[in-house]
2 protein chains.
Amino acid sequence: MNVADKLPPVHDDLEAGGEYRLHEQVGFVLRKANQRHLSIFAAHVGDLTPPQFAALARLHEVGETSQNQLGQLIAMDAATIKGVIDRLKKRGLVTLKPHTLDRRRLVVGLSEEGRVLVERLLPVAMRITAETLKPLNAREAEIFLKLLGKIADG
Amino acid sequence: MNVADKLPPVHDDLEAGGEYRLHEQVGFVLRKANQRHLSIFAAHVGDLTPPQFAALARLHEVGETSQNQLGQLIAMDAATIKGVIDRLKKRGLVTLKPHTLDRRRLVVGLSEEGRVLVERLLPVAMRITAETLKPLNAREAEIFLKLLGKIADG
DNA sequence: GCAAACTCGTTTGTATACGAATGATACGCC
DNA sequence: GGCGTATCATTCGTATACAAACGAGTTTGC
């Protein structure tokens with residue numbers, strides 16, 4: 001259950017174009033959209049968070065990498081990716097080993113269980129995206145993803 | 001500085017429509033968009049977070065309310081809004097007093113400093129939204145906000 | 001070669017976020 | 001009126017997120 005689901009319907013008063021209305025501020029609506037997606041994700045997956053899944057999915061894509069590099073690939077700073085990897089490690093979904101040449105680095109890889117799990121979840125992830133986009137028709141969804149991508153990349 | 005800014009450019013390989021690509025999953029892109037907005041917000045405001053500002057802005061709109069009700073108005077669950085209000089209280093931006101009729105409730109209101117601060121920040125918030133939407137032209141921005149609203153509200 | 005600058009991972013501190021459990025209070029229904 | 005249910009605020013536990021500072025290691029500049 002999501003907090004956002006309980007929000008009262010918001011009435012549009014579209015006169016007075018220059019005024020402040022919280023529900024028209026991108027940040028606020030982005031946050032709510034995120035909340036809704038989170039709850040859809042949790043309903044489908046349950047025992048893995050989106051960041052954890054993102055890490056596993058990227059590892060599956062690129063193979064082994066250093067911890068920080070993986071973080072960059074999924075837009076997480078060093079402190080955040082560390083926690084994510086720690087928890088995945090504790091569950092045996094990833095493996096950690098020192099880099100042979102650069103002794104600062106920690107090489108992260110998928111364990112066998114991790115690989116199996118990711119491959120099972122990849123189709124689920126696509127269904128999650130589809131369900132999140134359900135309020136839009138196909139054409140709108142395509143436009144939305146394009147524009148959202150521009151916003152995300154600056 | 002934002003982690004997302006350092007992400008390598010992502011190349012579109014648009015053949016194979018049914019395949020999994022992380023950068024096309026809404027959740028992932030929503031998260032990045034949020035990150036970019038966060039960093040824009042921080043650059044403009046600095047000593048207030050978006051949730052804190054949302055709380056103040058809503059209080060300015062609706063006047064006094066109970067803590068939980070305020071949470072519902074900005075899509076925060078009880079545990080989250082408590083922390084936000086606590087921190088605003090500690091800085092003297094909101095006032096807390098018991099409800100006269102319902103002794104369970106805690107009535108939250110803007111302090112004088114809080115009111116002054118919100119009123120100063122309202123125009124800034126609109127500039128933050130504008131800057132976040134800068135990658136889009138006016139028509140795109142309008143479409144984007146409409147579609148994002150649908151996604152957020154389910 | 002070597003000192004300065006940078007990178008990698010870690011830790012600490014703060015701020016969301018939410019689920020779940022709890023105590024106090026209010027309300028509904030009979 | 002009183003009991004079951006619902007609501008309000010709080011607390012605990014877990015998981016992002018990021019800034020800042022740090023030690024250890026590596027690369028650059030000269």
# chains A, B, ... in the order shown; residues from 1 in each chain; ligands from 1
$ select_by_dssp --residues "segment 45-114 of chain B" --states "helix (DSSP H, G or I)" --output "VMD selection string"
chain B and resid 50 to 62 67 to 73 78 to 90 112 to 114
$ select_by_dssp --residues "segment 30-136 of chain A" --states "strand (DSSP E)" --output "PyMOL selection string"
chain A and resi 65-66+94-98+106-110
$ interface_residues --of "chain A" --to "chain D" --cutoff "9 Å" --atoms "only C-alpha atoms (C1' of nucleotides)" --output "MDAnalysis selection string"
chainID A and resid 49 51 76:77 79:80 83:84 102:104
$ write_last_selection --atoms "N, CA and C atoms" --output "tab-separated table (two decimals), in the first residue's frame"
chain	number	residue	atom	x	y	z
A	49	THR	N	15.20	-4.70	-3.62
A	49	THR	CA	14.82	-3.32	-3.89
A	49	THR	C	15.24	-2.94	-5.30
A	51	PRO	N	17.20	-0.49	-6.38
A	51	PRO	CA	18.65	-0.31	-6.50
A	51	PRO	C	19.40	-1.63	-6.52
A	76	MET	N	24.96	5.73	-8.70
A	76	MET	CA	25.01	5.75	-7.24
A	76	MET	C	26.39	6.19	-6.79
A	77	ASP	N	26.44	7.02	-5.78
A	77	ASP	CA	27.74	7.44	-5.31
A	77	ASP	C	28.40	6.32	-4.50
A	79	ALA	N	29.36	5.84	-1.46
A	79	ALA	CA	28.83	5.43	-0.16
A	79	ALA	C	27.57	4.60	-0.33
A	80	THR	N	26.75	4.97	-1.30
A	80	THR	CA	25.49	4.26	-1.50
A	80	THR	C	25.70	2.88	-2.08
A	83	GLY	N	26.75	0.16	0.42
A	83	GLY	CA	25.70	-0.47	1.21
A	83	GLY	C	24.93	-1.49	0.39
A	84	VAL	N	24.63	-1.14	-0.85
A	84	VAL	CA	23.88	-2.06	-1.71
A	84	VAL	C	24.66	-3.35	-1.93
A	102	ASP	N	45.38	-3.46	-9.50
A	102	ASP	CA	45.16	-2.25	-8.71
A	102	ASP	C	44.64	-2.65	-7.34
A	103	ARG	N	45.49	-2.54	-6.35
A	103	ARG	CA	45.12	-3.06	-5.04
A	103	ARG	C	44.11	-2.20	-4.29
A	104	ARG	N	43.74	-1.04	-4.89
A	104	ARG	CA	42.67	-0.27	-4.26
A	104	ARG	C	41.31	-0.87	-4.59
$ interface_residues --of "chain A" --to "chain B" --cutoff "8 Å" --atoms "only C-alpha atoms" --output "NGL selection string"
:A and (3-8 or 20 or 22 or 24-38 or 50 or 54 or 57-58 or 72-77 or 122-123 or 125-126 or 129 or 132-136 or 140 or 144-145 or 147-154)
$ closest_residue --among "A:His60, A:His44, A:His99, A:Arg87" --to "chain C" --atoms "only C-alpha atoms (C1' of nucleotides)"
A:His99
$ interface_residues --of "chain C" --to "chain B" --cutoff "12 Å" --atoms "only C-alpha atoms (C1' of nucleotides)" --output "NGL selection string"
:C and (14-20 or 23-27)
$ atom_distance --atom1 "atom C1' of DT7 of chain C" --atom2 "atom CA of Leu101 of chain A"
14.1 Å
$ residues_around --residues "Gly114 of chain B" --least-positions-apart "2" --cutoff "12 Å" --atoms "only C-alpha atoms (C1' of nucleotides)" --output "number ranges by chain"
B: 48, 52-53, 55-60, 63, 88-95, 108-112, 116-121
$ atom_distance --atom1 "atom CA of Leu96 of chain A" --atom2 "atom C1' of DT11 of chain C"
19.3 Å
$ atom_distance --atom1 "atom CA of Pro98 of chain B" --atom2 "atom C1' of DG28 of chain C"
24.6 Å
